[in-house]
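Structure below is structure-v8.txt: compact mmCIF, C-alpha atoms.
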```
# COMPACT_ATOMS: atom_id res chain seq x y z
CA MET A 29 -60.54 -14.16 1.83
CA THR A 30 -64.23 -13.79 0.87
CA LEU A 31 -66.70 -15.68 3.08
CA PRO A 32 -70.00 -17.04 1.76
CA ARG A 33 -73.09 -14.97 2.63
CA SER A 34 -74.80 -17.92 4.24
CA ILE A 35 -73.03 -20.38 6.49
CA THR A 36 -74.34 -23.51 8.16
CA VAL A 37 -74.37 -23.94 11.97
CA PRO A 38 -71.85 -26.83 11.98
CA ALA A 39 -69.49 -24.82 9.81
CA ALA A 40 -69.83 -21.82 12.10
CA ILE A 41 -68.99 -23.96 15.13
CA ILE A 42 -65.88 -25.31 13.40
CA LEU A 43 -64.70 -21.84 12.41
CA ALA A 44 -65.27 -20.49 15.93
CA ALA A 45 -63.32 -23.38 17.46
CA ALA A 46 -60.44 -22.82 15.05
CA ALA A 47 -60.35 -19.11 15.83
CA ALA A 48 -60.34 -19.82 19.59
CA ALA A 49 -57.48 -22.28 19.18
CA CYS A 50 -55.43 -19.67 17.30
CA ILE A 51 -56.05 -17.12 20.07
CA VAL A 52 -55.02 -19.58 22.79
CA LEU A 53 -51.89 -20.63 20.89
CA THR A 54 -50.89 -17.00 20.31
CA SER A 55 -51.43 -16.27 24.01
CA ILE A 56 -49.25 -19.21 25.05
CA LEU A 57 -46.42 -18.19 22.71
CA THR A 58 -46.59 -14.58 23.88
CA SER A 59 -46.57 -15.51 27.57
CA THR A 60 -43.69 -17.93 27.03
CA GLU A 61 -41.59 -15.29 25.31
CA SER A 62 -42.27 -12.70 27.99
CA ALA A 63 -41.53 -15.17 30.80
CA SER A 64 -38.14 -16.24 29.49
CA PRO A 65 -36.19 -13.11 30.53
CA ASN A 66 -37.48 -13.39 34.10
CA LEU A 67 -36.45 -17.04 34.23
CA ASP A 68 -33.03 -16.14 32.86
CA ASN A 69 -32.63 -13.46 35.51
CA ARG A 70 -33.31 -16.00 38.24
CA ARG A 71 -30.88 -18.47 36.72
CA GLN A 72 -28.23 -15.77 36.53
CA LEU A 73 -27.66 -16.35 40.25
CA LYS A 74 -26.19 -19.76 39.41
CA LEU A 75 -23.06 -17.98 38.19
CA MET A 76 -22.42 -16.84 41.77
CA PRO A 77 -20.83 -19.19 44.33
CA GLN A 78 -23.55 -20.56 46.60
CA LYS A 79 -23.32 -18.90 50.03
CA GLU A 80 -20.03 -17.44 48.73
CA ILE A 81 -18.10 -20.62 49.48
CA ILE A 82 -15.35 -21.10 46.92
CA ARG A 83 -15.78 -24.32 44.91
CA TYR A 84 -14.27 -25.42 41.64
CA GLY A 85 -16.54 -28.22 40.51
CA LEU A 86 -15.95 -29.37 36.94
CA ASP A 87 -18.59 -30.66 34.54
CA PRO A 88 -17.89 -33.39 31.93
CA LYS A 89 -17.25 -30.78 29.23
CA THR A 90 -14.49 -29.27 31.33
CA ILE A 91 -12.83 -32.62 31.99
CA GLU A 92 -12.93 -33.41 28.27
CA LEU A 93 -11.55 -29.98 27.40
CA ARG A 94 -8.65 -30.35 29.80
CA ALA A 95 -7.80 -33.72 28.36
CA THR A 96 -7.69 -32.43 24.80
CA ARG A 97 -6.31 -28.90 25.24
CA PRO A 98 -3.94 -28.07 28.11
CA GLY A 99 -4.19 -24.30 27.68
CA ASP A 100 -2.08 -21.56 26.13
CA GLU A 101 -0.27 -19.17 28.47
CA GLY A 102 0.37 -16.72 25.63
CA ASP A 103 -3.20 -15.45 25.26
CA TRP A 104 -5.52 -15.50 28.28
CA TRP A 105 -8.65 -16.11 26.17
CA LYS A 106 -7.06 -19.34 24.90
CA ASP A 107 -6.06 -20.39 28.42
CA ILE A 108 -9.23 -20.00 30.48
CA ASN A 109 -11.71 -22.68 31.46
CA TYR A 110 -14.99 -21.77 29.73
CA HIS A 111 -16.88 -24.72 31.28
CA GLN A 112 -16.11 -24.18 34.95
CA ARG A 113 -18.64 -23.65 37.70
CA GLY A 114 -19.80 -20.03 37.77
CA LEU A 115 -17.57 -17.63 39.73
CA CYS A 116 -19.19 -14.28 39.02
CA GLY A 117 -20.26 -11.19 40.86
CA GLY A 118 -22.38 -8.30 39.68
CA GLU A 119 -19.80 -7.04 37.18
CA LYS A 120 -16.92 -9.52 36.84
CA CYS A 121 -16.28 -13.23 36.43
CA PHE A 122 -13.21 -15.19 37.45
CA PHE A 123 -11.89 -17.76 34.97
CA ILE A 124 -9.32 -20.35 36.02
CA SER A 125 -6.19 -20.82 33.94
CA MET A 126 -6.02 -24.15 32.10
CA SER A 127 -2.22 -24.12 31.99
CA ASN A 128 -1.56 -23.05 35.60
CA SER A 129 -4.29 -23.63 38.18
CA SER A 130 -2.57 -21.33 40.68
CA LYS A 131 -3.69 -18.32 38.65
CA GLY A 132 -6.59 -17.00 36.64
CA TYR A 133 -8.20 -13.88 35.25
CA LEU A 134 -10.92 -11.61 36.60
CA ILE A 135 -12.82 -10.40 33.52
CA GLY A 136 -15.18 -7.43 33.43
CA ASP A 137 -16.98 -5.46 30.74
CA GLY A 138 -14.93 -2.35 29.98
CA ASN A 139 -18.10 -0.39 29.18
CA PHE A 140 -20.06 -1.27 32.32
CA HIS A 141 -22.15 1.74 33.46
CA LYS A 142 -20.19 3.88 30.95
CA VAL A 143 -17.52 4.88 33.47
CA PRO A 144 -13.72 4.64 33.08
CA ARG A 145 -13.43 1.03 34.21
CA LEU A 146 -9.68 0.69 33.60
CA ALA A 147 -8.88 3.70 35.79
CA GLU A 148 -11.03 2.20 38.54
CA ALA A 149 -9.34 -1.21 38.22
CA VAL A 150 -5.86 0.34 38.30
CA GLU A 151 -6.82 2.34 41.38
CA ALA A 152 -7.98 -0.85 43.14
CA TYR A 153 -4.76 -2.66 42.20
CA THR A 154 -2.59 0.24 43.43
CA TYR A 155 -4.53 0.47 46.69
CA ALA A 156 -4.17 -3.29 47.27
CA THR A 157 -0.40 -3.15 46.82
CA GLU A 158 -0.18 -0.18 49.18
CA LEU A 159 -2.14 -2.03 51.87
CA GLU A 160 0.03 -5.09 51.34
CA SER A 161 3.20 -3.05 51.73
CA LYS A 162 2.02 -1.18 54.83
CA TYR A 163 0.02 -3.85 56.70
CA ASP A 164 1.15 -7.12 55.11
CA ILE A 165 -2.44 -7.93 54.12
CA ARG A 166 -3.28 -10.53 51.46
CA HIS A 167 -5.14 -9.90 48.22
CA PHE A 168 -5.49 -11.71 44.90
CA TYR A 169 -4.21 -9.20 42.35
CA ALA A 170 -1.16 -10.71 40.62
CA ASP A 171 -0.30 -8.02 38.05
CA PRO A 172 -1.70 -4.66 36.95
CA PRO A 173 -5.01 -4.81 35.07
CA PHE A 174 -5.26 -3.97 31.38
CA GLU A 175 -7.93 -3.17 28.83
CA MET A 176 -8.33 -4.70 25.38
CA ASN A 177 -10.83 -5.19 22.60
CA THR A 178 -13.04 -8.21 23.17
CA PRO A 179 -11.39 -11.25 21.49
CA PRO A 180 -13.86 -12.92 19.06
CA LEU A 181 -12.76 -16.33 20.40
CA PHE A 182 -13.80 -15.29 23.90
CA MET A 183 -17.34 -14.47 22.78
CA ARG A 184 -17.63 -17.61 20.64
CA ASN A 185 -16.61 -19.87 23.53
CA LEU A 186 -19.05 -18.38 26.04
CA SER A 187 -22.18 -20.41 26.61
CA GLY A 188 -25.31 -20.43 28.74
CA LEU A 189 -25.60 -17.68 31.32
CA TYR A 190 -22.14 -16.31 30.55
CA ILE A 191 -23.56 -14.96 27.27
CA GLN A 192 -26.24 -13.07 29.17
CA HIS A 193 -23.76 -11.86 31.78
CA PHE A 194 -21.32 -10.33 29.30
CA GLY A 195 -23.73 -9.29 26.56
CA THR A 196 -21.85 -7.75 23.62
CA PRO A 197 -19.00 -5.76 25.19
CA GLN A 198 -16.80 -3.63 22.96
CA GLY A 199 -13.90 -4.05 25.37
CA LEU A 200 -12.87 -6.00 28.45
CA ILE A 201 -10.95 -5.19 31.63
CA VAL A 202 -8.63 -8.07 32.53
CA GLN A 203 -7.19 -8.40 36.03
CA PRO A 204 -4.54 -11.17 36.27
CA SER A 205 -5.12 -12.83 39.63
CA ARG A 206 -3.94 -15.48 42.04
CA THR A 207 -6.38 -18.22 42.92
CA ALA A 208 -8.20 -18.54 46.23
CA PRO A 209 -8.01 -21.72 48.32
CA GLU A 210 -10.78 -24.26 47.78
CA GLY A 211 -13.45 -24.13 50.49
CA SER A 212 -12.68 -20.57 51.56
CA ILE A 213 -15.66 -18.47 52.61
CA ILE A 214 -16.49 -14.77 52.40
CA ILE A 215 -17.76 -13.04 55.52
CA ARG A 216 -19.74 -9.81 55.37
CA CYS A 217 -21.15 -7.41 57.93
CA TYR A 218 -24.52 -6.40 56.48
CA ASN A 219 -26.34 -9.14 58.42
CA HIS A 220 -25.23 -10.73 61.70
CA ASN A 221 -26.88 -14.05 60.91
CA VAL A 222 -24.84 -14.29 57.71
CA LEU A 223 -21.67 -13.26 59.56
CA TYR A 224 -22.00 -15.82 62.35
CA LYS A 225 -23.22 -18.71 60.20
CA ARG A 226 -20.38 -18.32 57.72
CA THR A 227 -17.77 -17.85 60.42
CA GLU A 228 -19.00 -20.95 62.24
CA ALA A 229 -18.99 -22.95 58.99
CA ILE A 230 -15.30 -22.28 58.30
CA VAL A 231 -14.15 -22.41 61.95
CA LYS A 232 -15.60 -25.92 62.39
CA LYS A 233 -13.07 -27.11 59.78
CA MET A 234 -10.08 -25.57 61.59
CA GLY A 235 -7.62 -26.94 64.09
CA GLY A 236 -6.40 -25.05 67.14
CA LYS A 237 -3.47 -23.43 65.34
CA ALA A 238 -5.67 -22.13 62.52
CA LYS A 239 -8.18 -20.69 64.99
CA LYS A 240 -5.46 -18.82 66.88
CA ASN A 241 -4.11 -17.49 63.62
CA LEU A 242 -7.57 -16.30 62.55
CA VAL A 243 -8.13 -14.43 65.82
CA LYS A 244 -4.75 -12.76 65.38
CA GLU A 245 -5.53 -11.76 61.81
CA LEU A 246 -9.00 -10.43 62.64
CA GLU A 247 -7.45 -8.26 65.37
CA ILE A 248 -5.04 -6.89 62.77
CA GLN A 249 -7.96 -6.20 60.40
CA LYS A 250 -9.57 -4.02 63.06
CA ASN A 251 -6.50 -1.77 62.95
CA VAL A 252 -6.39 -1.82 59.15
CA VAL A 253 -10.01 -0.72 58.90
CA GLU A 254 -9.54 1.95 61.56
CA ASP A 255 -6.73 3.45 59.49
CA ASN A 256 -8.61 2.93 56.20
CA PRO A 257 -12.32 3.58 56.86
CA GLY A 258 -13.18 3.22 53.17
CA LEU A 259 -12.92 -0.55 53.67
CA ILE A 260 -16.16 -0.36 55.66
CA ASN A 261 -18.08 0.11 52.41
CA ASP A 262 -19.66 -3.29 51.71
CA PHE A 263 -17.00 -4.84 53.97
CA GLN A 264 -15.98 -8.31 52.83
CA LEU A 265 -13.15 -10.59 53.88
CA MET A 266 -12.28 -14.07 52.68
CA ILE A 267 -11.17 -16.67 55.24
CA ASP A 268 -9.49 -19.97 54.34
CA LYS A 269 -9.26 -23.18 56.34
CA GLY A 270 -5.82 -22.21 57.65
CA GLY A 271 -7.23 -19.12 59.37
CA ARG A 272 -5.74 -16.71 56.81
CA THR A 273 -7.66 -13.64 55.62
CA TYR A 274 -7.79 -11.95 52.22
CA HIS A 275 -9.14 -8.58 51.10
CA LEU A 276 -11.46 -8.41 48.08
CA ASP A 277 -12.93 -5.99 45.59
CA LEU A 278 -10.92 -3.01 46.81
CA ASN A 279 -12.34 -0.47 44.36
CA ARG A 280 -15.24 -0.12 46.85
CA ALA A 281 -12.88 1.44 49.41
CA LYS A 282 -12.17 4.69 47.56
CA THR A 283 -15.11 6.62 49.04
CA LYS A 284 -15.96 7.73 52.56
CA PRO A 285 -18.34 5.27 54.23
CA SER A 286 -21.92 6.37 54.80
CA ARG A 287 -23.67 6.24 58.17
CA GLY A 288 -25.51 3.14 56.95
CA HIS A 289 -22.28 1.30 56.20
CA ARG A 290 -20.79 2.36 59.53
CA LYS A 291 -23.85 1.18 61.41
CA VAL A 292 -23.88 -2.35 59.95
CA PHE A 293 -20.12 -2.63 60.47
CA GLU A 294 -20.30 -1.86 64.20
CA GLY A 295 -19.19 -4.89 66.20
CA CYS A 296 -18.69 -7.00 63.07
CA LEU A 297 -15.06 -8.05 63.52
CA GLU A 298 -15.44 -8.19 67.30
CA GLY A 299 -18.36 -10.58 66.82
CA ALA A 300 -16.38 -12.71 64.39
CA ILE A 301 -13.54 -12.98 66.91
CA LYS A 302 -15.96 -14.09 69.65
CA CYS A 303 -17.36 -16.64 67.26
CA VAL A 304 -13.90 -18.11 66.57
CA GLU A 305 -13.09 -18.28 70.27
CA ASP A 306 -16.45 -19.78 71.24
CA LEU A 307 -18.66 -21.56 68.69
CA ALA A 308 -21.48 -21.57 71.24
CA PHE A 309 -21.58 -17.78 70.87
CA CYS A 310 -22.00 -18.26 67.10
CA ARG A 311 -24.92 -20.65 67.51
CA GLU A 312 -26.66 -18.43 70.06
CA SER A 313 -26.15 -15.36 67.90
CA ASN A 314 -27.67 -17.15 64.90
CA GLN A 315 -31.01 -17.04 66.69
CA PHE A 316 -31.24 -13.27 66.36
CA PRO A 317 -33.80 -12.01 63.79
CA GLU A 318 -32.26 -11.01 60.50
CA GLU A 319 -31.43 -7.35 60.10
CA GLU A 320 -32.61 -5.39 57.13
CA LEU A 321 -30.36 -5.89 54.11
CA ARG A 322 -29.08 -2.37 53.61
CA LEU A 323 -26.60 -2.93 50.81
CA ALA A 324 -28.16 -3.12 47.37
CA SER A 325 -24.98 -4.15 45.56
CA ILE A 326 -22.93 -7.14 46.72
CA GLN A 327 -19.78 -8.05 44.80
CA LEU A 328 -17.73 -11.19 44.64
CA PRO A 329 -14.01 -11.73 44.53
CA GLU A 330 -11.33 -13.52 42.63
CA GLN A 331 -11.34 -17.26 43.29
CA ASN A 332 -9.70 -20.64 42.77
CA GLN A 333 -7.77 -23.72 43.87
CA GLU A 334 -7.02 -25.66 47.01
CA SER A 335 -3.28 -25.04 47.25
CA ASN A 336 -2.70 -21.75 49.03
CA GLN A 337 -0.42 -19.38 47.12
CA PHE A 338 0.45 -17.28 50.17
CA PRO A 339 3.00 -17.76 52.93
CA GLU A 340 1.99 -18.58 56.48
```
Target format structure tokens, applied to this file:
Amino acid sequence: MTLPRSITVPAAIILAAAAAACIVLTSILTSTESASPNLDNRRQLKLMPQKEIIRYGLDPKTIELRATRPGDEGDWWKDINYHQRGLCGGEKCFFISMSNSSKGYLIGDGNFHKVPRLAEAVEAYTYATELESKYDIRHFYADPPFEMNTPPLFMRNLSGLYIQHFGTPQGLIVQPSRTAPEGSIIIRCYNHNVLYKRTEAIVKKMGGKAKKNLVKELEIQKNVVEDNPGLINDFQLMIDKGGRTYHLDLNRAKTKPSRGHRKVFEGCLEGAIKCVEDLAFCRESNQFPEEELRLASIQLPEQNQESNQFPE
């Protein structure tokens, strides 16, 4: 565009104002675009169970979906609840079966970190069954995991933060799983405040029989960990309202624990037992200052419904 050689003062003021407005608008659009990913990263946490308490809240879309389509047991991607409350960890998400609420599927990206994910998943499944056979422990793996190309229907049905979580995976690792009891809680050992607060929260909902059972099971877990020190790595144990315990995310147990993991695990199960036996100990222990969070990666388990699928 060619500008006139002479320009009046009013016209100059108008042009300057217009140019300033364009600069401000461009700045706003640019800052909005750059801020969105950070906001999405914060919202990603909503896919994780708050305080790692297992809940299965349903939104209106889910209720409508269940009323119109009961689920298809033949193909898992036609059977899962795409509108459930988020049940994800760093790598995997648990989806509840629409046709059978006692089961579900733990889904992970087969290309995550470019390592052989299926081999890792099979190793975790095999280890879980070995622990079950030897120590009678509980876990959630129902059948061996398998790998498959990502079904187009799965990607089309994902919405919101699930799209960001899964990205565009070429393949998926599917772990058929049993569901976890509603209201169960995951205890960890990286921070004593977290350990005691969560233990107290679940113990307050237990009767005398459940408390005795939990003490018994925690004593057994001490022996299990002593024989299998790899479990110390990012130690995590789910506890339900009946005082039953469940092992989670067992692919973490394949390596020798570091000194850091051993240090944060010291006294963990002993402290949990004291907490069950005396809630006053829990409350007093909660007053301790928080320890440094040593573990950079915290993973979540398989989850689901209120009815417990395991024997007493």
>> Could you check the closest approach to Asn251 (chain A) for each of A:Tyr163, A:Leu307, A:Leu189, A:Arg287 and tell me which residue wins, using all atoms listed in the file?
In response: A:Tyr163
What's around Leu200 (chain A) at 9 Å? Count all atoms listed in the file, leave out sequence neighbours fewer than 6 positions away in its own chain, and write the answer as a PDB file with C-alpha atoms, in the coordinates of the input.
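Listing of part.pdb after writing:
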```pdb
ATOM      1  CA  ILE A 135     -12.820 -10.400  33.520  1.00  0.00           C
ATOM      2  CA  GLY A 136     -15.180  -7.430  33.430  1.00  0.00           C
ATOM      3  CA  ASP A 137     -16.980  -5.460  30.740  1.00  0.00           C
ATOM      4  CA  GLY A 138     -14.930  -2.350  29.980  1.00  0.00           C
ATOM      5  CA  ASN A 139     -18.100  -0.390  29.180  1.00  0.00           C
ATOM      6  CA  PHE A 174      -5.260  -3.970  31.380  1.00  0.00           C
ATOM      7  CA  GLU A 175      -7.930  -3.170  28.830  1.00  0.00           C
ATOM      8  CA  MET A 176      -8.330  -4.700  25.380  1.00  0.00           C
ATOM      9  CA  ASN A 177     -10.830  -5.190  22.600  1.00  0.00           C
ATOM     10  CA  THR A 178     -13.040  -8.210  23.170  1.00  0.00           C
ATOM     11  CA  PRO A 179     -11.390 -11.250  21.490  1.00  0.00           C
TER      12      PRO A 179
END
```
>> Here is a test: counting only C-alpha atoms, which residue of A:Phe194, A:Ala156, A:Pro209, A:Leu186 is nearest to Arg280 (chain A)?
In response: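 Selected residue with least distance to Arg280 (chain A): A:Ala156.
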>> I need the residue nearest Lys282 (chain A) from this list: A:Cys217, A:Pro173, A:Glu148, A:Leu115. Use all atoms listed in the file for the distance.
In response: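 Going through A:Cys217, A:Pro173, A:Glu148, A:Leu115 one by one, the smallest distance to Lys282 (chain A) is for A:Glu148.
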> Of the candidates A:Asp262, A:Glu151, A:Glu158, A:Glu119, which shows the shortest atom-to-atom distance to His289 (chain A), using only C-alpha atoms?
Replying inline: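 Comparing A:Asp262, A:Glu151, A:Glu158, A:Glu119 against His289 (chain A), the winner is A:Asp262.
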> Between CA of Asp255 (chain A) and CA of Leu134 (chain A), what is the spacing in Å?
Replying inline: 27.7 Å
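Going from CA of Met183 (chain A) over to CA of Leu276 (chain A), you cover 26.7 Å.
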>> When you look at region 229-235 of chain A with a cut-off of 10 Å (counting only C-alpha atoms), what residues show up, excluding the ones that are within fewer than 4 positions of it in the same chain? I need them as a list in words.
In response: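 The residues that qualify are Ile81, Gly211, Ser212, Ile213, Ile214, Ile215, Tyr224, Lys225, Lys239, Lys240, Leu242, Ile267, Asp268, Lys269, Gly270, Gly271, Cys303, Val304, Glu305, Asp306, Leu307 and Cys310 of chain A.
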> Which polymer residues have any atom within 7 Å of an atom of Ala281 (chain A), counting all atoms listed in the file, with same-chain residues fewer than 4 positions away left out, as a list of chain:residue names?
Replying inline: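 After dropping sequence-adjacent residues, the list is A:Gly258, A:Leu259, A:Asn261.
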>> Taking only C-alpha atoms into account, name the residue in A:Pro204, A:Gly288, A:Pro197, A:Gly299 that is nearest to Leu246 (chain A).
In response: A:Gly299
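Coordinates place CA of Lys284 (chain A) at a distance of 22.6 Å from CA of His220 (chain A).
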>> The residues within 10 Å of (-6.3, -10.6, 45.1), using only C-alpha atoms and the coordinates of the file, should be reported as number ranges by chain; which are they?
In response: A: 134, 153, 156-157, 166-171, 203-208, 274-278, 329-331
Enclose region 165-170 of chain A, meaning all of its atoms listed in the file, in a box aligned along x, y and z, pad it by 4 Å on each side, and list the centre and edge lengths in Å to one decimal, as JSON.
```
{"center_x": -3.3, "center_y": -9.8, "center_z": 47.4, "size_x": 12.3, "size_y": 11.8, "size_z": 21.5}
```
